[in-house]
Amino acid sequence: MSGTFVGMPGFHPHGLPAFPEAAREAVRDTTLRGNLRHATHTIRAKRARAVAEVADWAELREAGKRIKDHTLRHLDHYLVRLEESVTAAGGTVHWAADAEEANRIVTRLVKETGESEVVKVKSMATQETGLNEALEAEGIRAYETDLAELIVQLGKDRPSHILVPAIHRNRGEIRDVFRTEMGAWGRPAPEGLTDTPAELAEAARLHLREKFLRAKVGVSGANFMIAETGTLVVVESEGNGRMCLTLPETLISVVGIEKTVPTWRDLEVFLQTLPRSSTAERMNPYTSTWTGTTDGDGPRVFHLVLLDNGRTDTLADEVGRQALRCIRCSACLNVCPVYERAGGHAYGSVYPGPIGAILSPQLRGTGSEIDASLPYASSLCGACYEVCPVAIDIPEVLVHLRERVVQGGPAVRGGNKVVLKPAKGHAAERAAMRAARWAFGRPGALRTGQRLASRTRRLHPRTLPGPGRAWTGSRDLPPVPAEPFRDWWQRTQGGDGGIGGIGGKGAVK
Amino acid sequence: MRVALFLTCVNDTLYPDTGRAVVKLLTRLGVEVDFPLAQTCCGQAHYNTGYRHGAEPLARHFSDVFRDYEAIVTPSGSCGAMVRELYPRMGERARAEGRGDTLAAALAPVVPKTYELTEFLVDVLGVTDVGASYPHTVTYHPTCHGLRALGLGDRPLRLLRAVEGLELVELPGAEECCGFGGTFALKNADVSAAMGADKVRNAESTGAEVLCAADNSCLMHIGGTMTRLRTGMRPVHIAEILASTEEEPAR
Amino acid sequence: MSSRERILGRVRRALADVPKDDTPYERAVRRDYAREHGRRTAEQTVDLLAENLADYRAIVHRTGTDGLAGVVAGLLRERGASSVLVPPGLDEGWLAATGVTRVADRAESTPHELDRVSSVVTACAVAIAETGTLVLDGSPDQGRRRITLVPDHHICVVRVPDQVVSSVPQALERLDPARPLTWISGPSATSDIELDRVEGVHGPRTLEVVLVG
């Protein structure tokens, strides 16, 4: 019943540093900064070109948004419909209220096959639930087969990007990981492996091939689930997805409930917007769709595990629920200036970047230091909203979640209505905001403050102590002028402007 | 035409030159400018930091002060966006909280007639050549709220291109945020500083003397970074460039 | 209470604030996006397919019906293929000019056995010009999904212009969701190293497309 288990050893929110502290380290890591800058700038330009190719991008984006909104609004109906369709097509549907339950179900299903290893297609949902660790604890080894996931798994690292979890590693670092770690997991890296991407891809091909060919159980996520037909869709590039979806005898797919779309036809929108937004391609190399099981082709047994794990709590928030439209393309990460400098690990979640900053505090709540700091991990520049293919207004949700952090208020956690207390650590800020509101409510008080600043301006230090250091650590303060504008105006233009409304002495009621 | 200058609290306190430039520019273009002294702050910092309820009385005050003017002109993209984009949202949220339509009704009059300065010049007055002279090399940074929330597009560039003697050079990575972001600059000072330093390096690479923008909050951050990094460039608000003439050149 | 009931109950409570809306789905989403991008003749559509396939590093060949067997034989010879997988319903004429050992697509074959086969020849269900995509639907002339996955060399024959559509929306209309589908756009690739595209990972590293018609 508890929705608090998160299962990722590296990403258990409690005990992780707040975003600013984690980001401080990353900003100073010049290799990381270089890697992220190179990768994000490469993809940004390509995405812009891929999107510019389709003249009806705005219409596709709007349709994608509406399809998702409609589905979320009737999610109970479509989930039941999906269950019926998948069952009719020969699959078995399981429901998991939280991460722990999902892991328990998958572990049991794997054990029932008698196997002790599984091959996995990259799946955000199973990263979120910490499935690999849960399987490991039961003596089942999970092999990640996506190249970037493999790099992360071999390097005992943490993912830092939704699409390319090893984006923080450059080719030289990847070669080193392959050389030193591959042997412990199976076929070692070829002798004399260099850092050319083609050779690294070849090394991964050789290393994973034996695992694919002998695999009896595959574990996947899905990009879309079609309620009307019971069809699941996996969009990928390398062919590891096809391997995991077609060679094993048993396939277990763990999918968040928000991945549902109503009809087959809906794919005509997302199969145009997703590839262009994520890898900046007209179409990704491979897309697999399957509906239950097919006699003589692919797995004979198919299980679908529908995952809640905080999604229904998110759905209960009328501003925040738009985050559930996300199709995990990662365009918002690639364009985000904060992500580019802070890196993915600072977000303390499998969902980094702007979408992570609104998803993690909703899926996990704002109780931990990291989750309470994530809504502030943005300058609200709006680049994420601009590129989002389902038009999630990420800045709007960020500000909404800031409100939840500083004000508290009603929310839903684990399916139950709760009233959140304001987060700790904002007392000084709250007082400052109250004082500012008071002064701004009284033009006279504002003017007194301005005049005081002007009169003492020669005494102002160039650097500030205490919290002011946050500004003057890297920036000089602007000089305070001899008189504020309003004094000049009164001196030269003669008196109090204001028509109809209230005069200079008016105060906020 | 009589318009109200909504200067913003930051400009009033720290950048009176920008206010004087707007007055000079609009007066030169035949616009009667009024500065209602009761104006204070639009509430943007409160709203964006999570104190929406604290921003509400400031928004109501704003509407009380400005509602009877024909047009409200502000030399700040972000404060303009606060009124145009976020005041309606505040009204909607109040309604969703069961507080009825009173806030939405109170704020509605000011929303459609609030203009950012370059919008007012190009869209309302219909001018791009404002008769300015500014013999300097300038690079232009489009600030985020002007660019993405208000959709200023190339209006500022069209105005700058028409300025006599001004050489406009393109800023690499122009559309990337400078890292100010209001309280973000304090709450995430390290990331903010890194973004600011990158912006300044890009600006420096143009060889321009001046980095121009339509928002002094961003220029305060960029300018503070410029002097700290000891670059020779200086930040200048677009109003000061457009107000500058051969007879009365800007500093 | 089962988790199913718990989750469905949470969904219903979460949506309590949303006003009831019974607009049928067909009318709830405006689909004013394009059915295809630009107007082209059938011939131009085939040219665009060829161009986009090549852009993502598929090798494209064009021939008339009479030349097909010769082209396929030539491709297998150049490849040095020692064996070729053949789906059960493949037009026998396509392989009439080659003596390469045929391997039938059988349910009993293990993945390891498939891994020892050099090449595979299949037809396709539909091809999409705008994206350079081939879609396989497991029909008898295309075989099981795995036969176009494990061998390193895939020759796919597209009947033009009949099997070519312009766009993704047009392709979906022609496809049956009940069949297992594989959409292929170029050889396998990855962007996982520095977000730069590199061709050739787990799927066939060489994709040759023969446009016949």
# chains A, B, ... in the order shown; residues from 1 in each chain; ligands from 1
call {"tool": "interface_residues", "arguments": {"of": "chain B", "to": "chain C", "cutoff": "12 Å", "atoms": "only C-alpha atoms", "output": "number ranges by chain"}}
result
B: 96-98
call {"tool": "write_last_selection", "arguments": {"atoms": "N, CA and C atoms", "output": "compact mmCIF listing (two decimals), in the first residue's frame"}}
result
# COMPACT_ATOMS: atom_id res chain seq x y z
N ALA B 96 -10.58 28.34 -9.50
CA ALA B 96 -10.49 26.90 -9.22
C ALA B 96 -10.45 26.64 -7.72
N GLU B 97 -9.97 27.62 -6.96
CA GLU B 97 -9.92 27.46 -5.51
C GLU B 97 -11.25 27.83 -4.85
N GLY B 98 -12.24 28.08 -5.67
CA GLY B 98 -13.57 28.36 -5.13
C GLY B 98 -13.74 29.78 -4.64
call {"tool": "select_by_dssp", "arguments": {"residues": "stretch 2-86 of chain B", "states": "helix (DSSP H, G or I)", "output": "mmCIF file with N, CA and C atoms, in the first residue's frame"}}
result
data_model
loop_
_atom_site.group_PDB
_atom_site.id
_atom_site.type_symbol
_atom_site.label_atom_id
_atom_site.label_comp_id
_atom_site.auth_asym_id
_atom_site.auth_seq_id
_atom_site.Cartn_x
_atom_site.Cartn_y
_atom_site.Cartn_z
ATOM 1 N N CYS B 9 9.545 47.972 -10.468
ATOM 2 C CA CYS B 9 10.207 48.373 -9.224
ATOM 3 C C CYS B 9 11.732 48.342 -9.360
ATOM 4 N N VAL B 10 12.235 47.375 -10.148
ATOM 5 C CA VAL B 10 13.687 47.269 -10.317
ATOM 6 C C VAL B 10 14.221 48.495 -11.055
ATOM 7 N N ASN B 11 13.546 48.881 -12.135
ATOM 8 C CA ASN B 11 14.010 50.044 -12.898
ATOM 9 C C ASN B 11 13.871 51.327 -12.098
ATOM 10 N N ASP B 12 12.768 51.456 -11.394
ATOM 11 C CA ASP B 12 12.538 52.652 -10.592
ATOM 12 C C ASP B 12 13.665 52.841 -9.591
ATOM 13 N N THR B 13 14.047 51.753 -8.948
ATOM 14 C CA THR B 13 15.037 51.842 -7.879
ATOM 15 C C THR B 13 16.468 51.896 -8.416
ATOM 16 N N LEU B 14 16.770 51.028 -9.393
ATOM 17 C CA LEU B 14 18.168 50.866 -9.799
ATOM 18 C C LEU B 14 18.495 51.442 -11.171
ATOM 19 N N PRO B 16 17.024 54.296 -13.138
ATOM 20 C CA PRO B 16 16.210 55.457 -13.530
ATOM 21 C C PRO B 16 16.551 55.958 -14.938
ATOM 22 N N ASP B 17 17.794 55.700 -15.411
ATOM 23 C CA ASP B 17 18.156 56.131 -16.772
ATOM 24 C C ASP B 17 17.245 55.498 -17.812
ATOM 25 N N THR B 18 16.887 54.241 -17.577
ATOM 26 C CA THR B 18 15.996 53.557 -18.511
ATOM 27 C C THR B 18 14.633 54.238 -18.524
ATOM 28 N N GLY B 19 14.150 54.587 -17.341
ATOM 29 C CA GLY B 19 12.867 55.284 -17.251
ATOM 30 C C GLY B 19 12.919 56.615 -17.982
ATOM 31 N N ARG B 20 13.988 57.372 -17.756
ATOM 32 C CA ARG B 20 14.120 58.675 -18.432
ATOM 33 C C ARG B 20 14.179 58.484 -19.950
ATOM 34 N N ALA B 21 14.871 57.402 -20.373
ATOM 35 C CA ALA B 21 14.983 57.133 -21.813
ATOM 36 C C ALA B 21 13.616 56.832 -22.414
ATOM 37 N N VAL B 22 12.790 56.053 -21.717
ATOM 38 C CA VAL B 22 11.461 55.732 -22.241
ATOM 39 C C VAL B 22 10.632 57.009 -22.377
ATOM 40 N N VAL B 23 10.718 57.854 -21.352
ATOM 41 C CA VAL B 23 9.949 59.102 -21.383
ATOM 42 C C VAL B 23 10.403 59.963 -22.567
ATOM 43 N N LYS B 24 11.708 60.081 -22.724
ATOM 44 C CA LYS B 24 12.264 60.893 -23.812
ATOM 45 C C LYS B 24 11.843 60.341 -25.183
ATOM 46 N N LEU B 25 11.963 59.031 -25.323
ATOM 47 C CA LEU B 25 11.651 58.370 -26.596
ATOM 48 C C LEU B 25 10.169 58.532 -26.957
ATOM 49 N N LEU B 26 9.312 58.221 -26.009
ATOM 50 C CA LEU B 26 7.875 58.274 -26.309
ATOM 51 C C LEU B 26 7.428 59.711 -26.537
ATOM 52 N N THR B 27 7.977 60.633 -25.762
ATOM 53 C CA THR B 27 7.618 62.044 -25.939
ATOM 54 C C THR B 27 8.034 62.503 -27.336
ATOM 55 N N ARG B 28 9.227 62.087 -27.739
ATOM 56 C CA ARG B 28 9.715 62.448 -29.075
ATOM 57 C C ARG B 28 8.771 61.921 -30.161
ATOM 58 N N GLN B 44 5.713 39.740 -9.770
ATOM 59 C CA GLN B 44 6.333 38.623 -10.467
ATOM 60 C C GLN B 44 7.236 37.769 -9.571
ATOM 61 N N ALA B 45 8.058 38.428 -8.773
ATOM 62 C CA ALA B 45 8.986 37.666 -7.929
ATOM 63 C C ALA B 45 8.213 36.786 -6.950
ATOM 64 N N HIS B 46 7.153 37.320 -6.394
ATOM 65 C CA HIS B 46 6.329 36.526 -5.483
ATOM 66 C C HIS B 46 5.740 35.317 -6.208
ATOM 67 N N TYR B 47 5.118 35.626 -7.329
ATOM 68 C CA TYR B 47 4.428 34.575 -8.073
ATOM 69 C C TYR B 47 5.388 33.463 -8.470
ATOM 70 N N ASN B 48 6.502 33.845 -9.075
ATOM 71 C CA ASN B 48 7.409 32.833 -9.618
ATOM 72 C C ASN B 48 8.180 32.073 -8.543
ATOM 73 N N THR B 49 8.199 32.587 -7.338
ATOM 74 C CA THR B 49 8.900 31.881 -6.269
ATOM 75 C C THR B 49 7.941 30.967 -5.506
ATOM 76 N N ARG B 52 2.030 32.775 -4.787
ATOM 77 C CA ARG B 52 0.956 33.307 -5.635
ATOM 78 C C ARG B 52 -0.039 34.123 -4.824
ATOM 79 N N HIS B 53 -0.373 33.607 -3.664
ATOM 80 C CA HIS B 53 -1.350 34.353 -2.864
ATOM 81 C C HIS B 53 -0.786 35.692 -2.409
ATOM 82 N N GLY B 54 0.529 35.726 -2.178
ATOM 83 C CA GLY B 54 1.177 36.989 -1.826
ATOM 84 C C GLY B 54 1.219 37.956 -2.999
ATOM 85 N N ALA B 55 1.203 37.414 -4.205
ATOM 86 C CA ALA B 55 1.251 38.276 -5.389
ATOM 87 C C ALA B 55 -0.113 38.897 -5.694
ATOM 88 N N GLU B 56 -1.180 38.270 -5.194
ATOM 89 C CA GLU B 56 -2.524 38.730 -5.561
ATOM 90 C C GLU B 56 -2.800 40.183 -5.178
ATOM 91 N N PRO B 57 -2.488 40.599 -3.916
ATOM 92 C CA PRO B 57 -2.757 42.010 -3.601
ATOM 93 C C PRO B 57 -1.930 42.974 -4.454
ATOM 94 N N LEU B 58 -0.715 42.553 -4.849
ATOM 95 C CA LEU B 58 0.109 43.421 -5.688
ATOM 96 C C LEU B 58 -0.511 43.557 -7.075
ATOM 97 N N ALA B 59 -1.069 42.442 -7.564
ATOM 98 C CA ALA B 59 -1.716 42.476 -8.873
ATOM 99 C C ALA B 59 -2.968 43.356 -8.835
ATOM 100 N N ARG B 60 -3.732 43.228 -7.767
ATOM 101 C CA ARG B 60 -4.929 44.072 -7.629
ATOM 102 C C ARG B 60 -4.538 45.544 -7.571
ATOM 103 N N HIS B 61 -3.463 45.804 -6.822
ATOM 104 C CA HIS B 61 -2.974 47.189 -6.712
ATOM 105 C C HIS B 61 -2.570 47.701 -8.096
ATOM 106 N N PHE B 62 -1.864 46.854 -8.843
ATOM 107 C CA PHE B 62 -1.430 47.223 -10.189
ATOM 108 C C PHE B 62 -2.636 47.624 -11.033
ATOM 109 N N SER B 63 -3.665 46.789 -10.949
ATOM 110 C CA SER B 63 -4.860 47.050 -11.755
ATOM 111 C C SER B 63 -5.547 48.346 -11.312
ATOM 112 N N ASP B 64 -5.588 48.580 -10.001
ATOM 113 C CA ASP B 64 -6.180 49.819 -9.496
ATOM 114 C C ASP B 64 -5.451 51.038 -10.045
ATOM 115 N N VAL B 65 -4.109 50.934 -10.094
ATOM 116 C CA VAL B 65 -3.300 52.075 -10.509
ATOM 117 C C VAL B 65 -3.429 52.334 -12.012
ATOM 118 N N PHE B 66 -3.484 51.257 -12.787
ATOM 119 C CA PHE B 66 -3.325 51.414 -14.241
ATOM 120 C C PHE B 66 -4.596 51.223 -15.071
ATOM 121 N N GLY B 77 10.374 42.829 -20.462
ATOM 122 C CA GLY B 77 9.661 41.687 -21.043
ATOM 123 C C GLY B 77 9.048 40.810 -19.978
ATOM 124 N N SER B 78 9.761 40.612 -18.882
ATOM 125 C CA SER B 78 9.250 39.664 -17.897
ATOM 126 C C SER B 78 8.090 40.248 -17.096
ATOM 127 N N CYS B 79 8.157 41.554 -16.772
ATOM 128 C CA CYS B 79 7.026 42.140 -16.046
ATOM 129 C C CYS B 79 5.822 42.262 -16.979
ATOM 130 N N GLY B 80 6.089 42.548 -18.253
ATOM 131 C CA GLY B 80 5.000 42.574 -19.230
ATOM 132 C C GLY B 80 4.332 41.218 -19.326
ATOM 133 N N ALA B 81 5.150 40.169 -19.344
ATOM 134 C CA ALA B 81 4.610 38.809 -19.424
ATOM 135 C C ALA B 81 3.843 38.456 -18.161
ATOM 136 N N MET B 82 4.291 38.982 -17.031
ATOM 137 C CA MET B 82 3.580 38.733 -15.774
ATOM 138 C C MET B 82 2.130 39.206 -15.908
ATOM 139 N N VAL B 83 1.955 40.408 -16.395
ATOM 140 C CA VAL B 83 0.613 40.969 -16.502
ATOM 141 C C VAL B 83 -0.189 40.232 -17.586
ATOM 142 N N ARG B 84 0.404 40.089 -18.728
ATOM 143 C CA ARG B 84 -0.343 39.550 -19.864
ATOM 144 C C ARG B 84 -0.621 38.058 -19.744
ATOM 145 N N GLU B 85 0.374 37.310 -19.291
ATOM 146 C CA GLU B 85 0.225 35.860 -19.294
ATOM 147 C C GLU B 85 -0.216 35.331 -17.932
ATOM 148 N N LEU B 86 0.344 35.896 -16.875
ATOM 149 C CA LEU B 86 0.130 35.279 -15.565
ATOM 150 C C LEU B 86 -1.030 35.893 -14.769
#
call {"tool": "closest_atom_pairs", "arguments": {"of": "chain A", "to": "chain C", "cutoff": "7 Å", "atoms": "only C-alpha atoms", "output": "Markdown table"}}
result
| residue | atom | partner | partner_atom | distance |
| --- | --- | --- | --- | --- |
| A:Ala39 | CA | C:Glu194 | CA | 5.0 |
| A:Ile43 | CA | C:Leu195 | CA | 6.5 |
| A:Asp56 | CA | C:Tyr33 | CA | 5.6 |
| A:Glu59 | CA | C:Tyr33 | CA | 5.1 |
| A:Leu60 | CA | C:Tyr33 | CA | 5.7 |
| A:Ala63 | CA | C:Arg31 | CA | 6.3 |
| A:Arg66 | CA | C:Val29 | CA | 5.8 |
| A:Ile67 | CA | C:Val29 | CA | 6.2 |
| A:Arg73 | CA | C:Leu15 | CA | 6.8 |
| A:Leu75 | CA | C:Val11 | CA | 6.9 |
| A:Asp76 | CA | C:Leu8 | CA | 5.6 |
| A:Trp95 | CA | C:Arg4 | CA | 5.3 |
| A:Ala96 | CA | C:Ser3 | CA | 6.1 |
| A:Ala97 | CA | C:Ser3 | CA | 5.8 |
| A:Leu147 | CA | C:Asp192 | CA | 6.4 |
| A:Ala148 | CA | C:Asp192 | CA | 5.5 |
| A:Val164 | CA | C:Asp192 | CA | 5.5 |
| A:Ile167 | CA | C:Glu194 | CA | 6.1 |
| A:Asn170 | CA | C:Glu194 | CA | 6.2 |
| A:Arg171 | CA | C:Ile193 | CA | 6.4 |
| A:Pro197 | CA | C:Ile193 | CA | 6.5 |
| A:Ala198 | CA | C:Val198 | CA | 6.3 |
| A:Ala201 | CA | C:Val201 | CA | 5.8 |
| A:Glu202 | CA | C:Val201 | CA | 6.4 |
| A:Arg205 | CA | C:His202 | CA | 5.6 |
| A:Leu213 | CA | C:Pro111 | CA | 5.3 |
| A:Thr229 | CA | C:Pro177 | CA | 6.9 |
| A:Thr231 | CA | C:Pro177 | CA | 6.8 |
| A:Ser237 | CA | C:Ala189 | CA | 5.4 |
| A:Glu238 | CA | C:Ser188 | CA | 4.9 |
| A:Gly239 | CA | C:Gly203 | CA | 4.6 |
| A:Asn240 | CA | C:His202 | CA | 5.9 |
| A:Thr246 | CA | C:Arg146 | CA | 6.3 |
| A:Leu247 | CA | C:Arg146 | CA | 6.8 |
| A:Arg265 | CA | C:Leu172 | CA | 6.8 |
| A:Glu268 | CA | C:Pro169 | CA | 4.8 |
| A:Arg282 | CA | C:Thr131 | CA | 5.3 |
| A:Met283 | CA | C:Thr131 | CA | 5.7 |
| A:Asn284 | CA | C:Ser185 | CA | 6.4 |
| A:Pro285 | CA | C:Ser185 | CA | 4.3 |
| A:Tyr286 | CA | C:Ile184 | CA | 4.9 |
| A:Thr287 | CA | C:Trp183 | CA | 4.9 |
| A:Ser288 | CA | C:Thr182 | CA | 4.8 |
| A:Thr289 | CA | C:Leu181 | CA | 5.1 |
| A:Trp290 | CA | C:Pro180 | CA | 4.6 |
| A:Thr291 | CA | C:Ala178 | CA | 5.7 |
| A:Gly296 | CA | C:Ala107 | CA | 5.8 |
| A:Asp297 | CA | C:Arg144 | CA | 5.4 |
| A:Asp308 | CA | C:Ile7 | CA | 6.9 |
| A:Thr312 | CA | C:Val11 | CA | 5.6 |
| A:Leu315 | CA | C:Ala14 | CA | 5.8 |
| A:Ala316 | CA | C:Ala14 | CA | 3.9 |
| A:Gly415 | CA | C:Arg10 | CA | 5.6 |
call {"tool": "select_by_dssp", "arguments": {"residues": "stretch 8-102 of chain C", "states": "strand (DSSP E or B)", "output": "ChimeraX atom specification"}}
result
/C:59-63,83-86,101-102
call {"tool": "write_last_selection", "arguments": {"atoms": "C-alpha atoms", "output": "short mmCIF file (atom, residue, chain, number, x, y, z; two decimals), in the first residue's frame"}}
result
data_model
loop_
_atom_site.label_atom_id
_atom_site.label_comp_id
_atom_site.auth_asym_id
_atom_site.auth_seq_id
_atom_site.Cartn_x
_atom_site.Cartn_y
_atom_site.Cartn_z
CA ILE C 59 21.34 0.60 -49.96
CA VAL C 60 18.69 1.10 -52.63
CA HIS C 61 18.42 -0.76 -55.94
CA ARG C 62 15.81 -0.34 -58.65
CA THR C 63 14.76 -2.89 -61.24
CA SER C 83 22.94 -19.33 -47.00
CA VAL C 84 19.74 -17.34 -47.19
CA LEU C 85 16.62 -17.43 -45.04
CA VAL C 86 13.43 -17.72 -47.04
CA THR C 101 21.59 -22.62 -49.87
CA ARG C 102 18.03 -21.86 -48.79
#
call {"tool": "atom_distance", "arguments": {"atom1": "atom CA of A:Leu374", "atom2": "atom CA of A:Pro465"}}
result
25.9 Å
call {"tool": "residues_around", "arguments": {"residues": "A:Asp317", "least_positions_apart": "3", "cutoff": "9 Å", "atoms": "only C-alpha atoms", "output": "VMD selection string"}}
result
(chain A and resid 313 to 314 320 to 322 362 411 to 412) or (chain C and resid 14 to 15)
call {"tool": "write_last_selection", "arguments": {"atoms": "C-alpha atoms", "output": "PDB file, in the first residue's frame"}}
result
ATOM      1  CA  ASP A 313      -1.608  11.097  -7.238  1.00  0.00           C
ATOM      2  CA  THR A 314      -0.264  13.235 -10.066  1.00  0.00           C
ATOM      3  CA  GLY A 320       0.313  19.103 -12.377  1.00  0.00           C
ATOM      4  CA  ARG A 321      -1.546  16.343 -14.212  1.00  0.00           C
ATOM      5  CA  GLN A 322      -0.347  17.611 -17.595  1.00  0.00           C
ATOM      6  CA  GLN A 362       4.741  14.622  -8.051  1.00  0.00           C
ATOM      7  CA  ALA A 411      -2.510  17.091  -2.214  1.00  0.00           C
ATOM      8  CA  VAL A 412      -3.007  13.378  -2.781  1.00  0.00           C
TER       9      VAL A 412
ATOM     10  CA  ALA C  14      -8.418  11.966  -9.014  1.00  0.00           C
ATOM     11  CA  LEU C  15     -10.772  13.053 -11.761  1.00  0.00           C
TER      12      LEU C  15
END
call {"tool": "residues_around", "arguments": {"residues": "B:Gly50", "least_positions_apart": "5", "cutoff": "8 Å", "atoms": "only C-alpha atoms", "output": "short mmCIF file (atom, residue, chain, number, x, y, z; two decimals) with N, CA and C atoms, in the first residue's frame"}}
result
data_model
loop_
_atom_site.label_atom_id
_atom_site.label_comp_id
_atom_site.auth_asym_id
_atom_site.auth_seq_id
_atom_site.Cartn_x
_atom_site.Cartn_y
_atom_site.Cartn_z
N VAL A 399 6.17 26.38 -11.22
CA VAL A 399 5.73 27.44 -10.31
C VAL A 399 4.63 26.91 -9.39
N HIS A 400 3.77 26.08 -9.94
CA HIS A 400 2.71 25.47 -9.13
C HIS A 400 3.31 24.61 -8.01
N LEU A 401 4.36 23.87 -8.34
CA LEU A 401 4.99 23.01 -7.32
C LEU A 401 5.80 23.83 -6.32
N ARG A 402 6.33 24.96 -6.75
CA ARG A 402 7.00 25.86 -5.80
C ARG A 402 6.00 26.30 -4.74
N GLU A 403 4.80 26.58 -5.21
CA GLU A 403 3.74 26.99 -4.29
C GLU A 403 3.45 25.88 -3.27
N ARG A 404 3.44 24.65 -3.78
CA ARG A 404 3.18 23.52 -2.88
C ARG A 404 4.30 23.42 -1.84
N VAL A 405 5.54 23.70 -2.28
CA VAL A 405 6.67 23.61 -1.35
C VAL A 405 6.58 24.70 -0.28
N VAL A 406 6.38 25.95 -0.68
CA VAL A 406 6.44 27.02 0.31
C VAL A 406 5.14 27.22 1.08
N GLN A 407 4.01 26.87 0.45
CA GLN A 407 2.73 27.10 1.12
C GLN A 407 2.11 25.84 1.69
#
call {"tool": "residues_around", "arguments": {"residues": "stretch 228-244 of chain B", "least_positions_apart": "2", "cutoff": "9 Å", "atoms": "only C-alpha atoms", "output": "number ranges by chain"}}
result
A: 474-476; B: 17-26, 28, 75, 117-118, 130-134, 140, 156, 159-160, 163, 197, 200-201, 203-204, 207-216, 219-220, 222-226, 246-251
call {"tool": "closest_residue", "arguments": {"among": "A:Ala431, A:Leu271, A:Ala23, A:Met243", "to": "chain B", "atoms": "only C-alpha atoms"}}
result
A:Ala23
call {"tool": "atom_distance", "arguments": {"atom1": "atom CA of B:Leu157", "atom2": "atom CA of A:His41"}}
result
24.7 Å
call {"tool": "closest_residue", "arguments": {"among": "B:Phe120, B:Tyr115, B:Tyr15, B:Phe180", "to": "B:Thr143", "atoms": "only C-alpha atoms"}}
result
B:Phe180
call {"tool": "residues_around", "arguments": {"residues": "C:Gln163", "least_positions_apart": "4", "cutoff": "10 Å", "atoms": "only C-alpha atoms", "output": "ChimeraX atom specification"}}
result
/C:46,124-128,134,158-159,171,174,211
call {"tool": "atom_distance", "arguments": {"atom1": "atom CA of C:Gly74", "atom2": "atom CA of C:Val121"}}
result
12.7 Å
call {"tool": "decode", "arguments": {"residues": "stretch 85-103 of chain B", "atoms": "C-alpha atoms", "output": "PDB file, in the first residue's frame"}}
result
ATOM      1  CA  GLU B  85       0.225  35.860 -19.294  1.00  0.00           C
ATOM      2  CA  LEU B  86       0.130  35.279 -15.565  1.00  0.00           C
ATOM      3  CA  TYR B  87      -2.569  37.687 -14.330  1.00  0.00           C
ATOM      4  CA  PRO B  88      -5.226  35.726 -16.256  1.00  0.00           C
ATOM      5  CA  ARG B  89      -3.794  32.516 -14.829  1.00  0.00           C
ATOM      6  CA  MET B  90      -3.995  33.941 -11.299  1.00  0.00           C
ATOM      7  CA  GLY B  91      -7.662  34.691 -11.923  1.00  0.00           C
ATOM      8  CA  GLU B  92      -8.257  31.147 -13.137  1.00  0.00           C
ATOM      9  CA  ARG B  93      -6.518  29.627 -10.150  1.00  0.00           C
ATOM     10  CA  ALA B  94      -8.549  31.731  -7.730  1.00  0.00           C
ATOM     11  CA  ARG B  95     -11.683  30.519  -9.476  1.00  0.00           C
ATOM     12  CA  ALA B  96     -10.494  26.903  -9.219  1.00  0.00           C
ATOM     13  CA  GLU B  97      -9.921  27.461  -5.506  1.00  0.00           C
ATOM     14  CA  GLY B  98     -13.574  28.359  -5.134  1.00  0.00           C
ATOM     15  CA  ARG B  99     -12.974  32.093  -4.698  1.00  0.00           C
ATOM     16  CA  GLY B 100     -15.175  33.125  -7.574  1.00  0.00           C
ATOM     17  CA  ASP B 101     -14.451  35.535 -10.405  1.00  0.00           C
ATOM     18  CA  THR B 102     -13.570  38.630  -8.429  1.00  0.00           C
ATOM     19  CA  LEU B 103      -9.820  38.412  -8.912  1.00  0.00           C
TER      20      LEU B 103
END
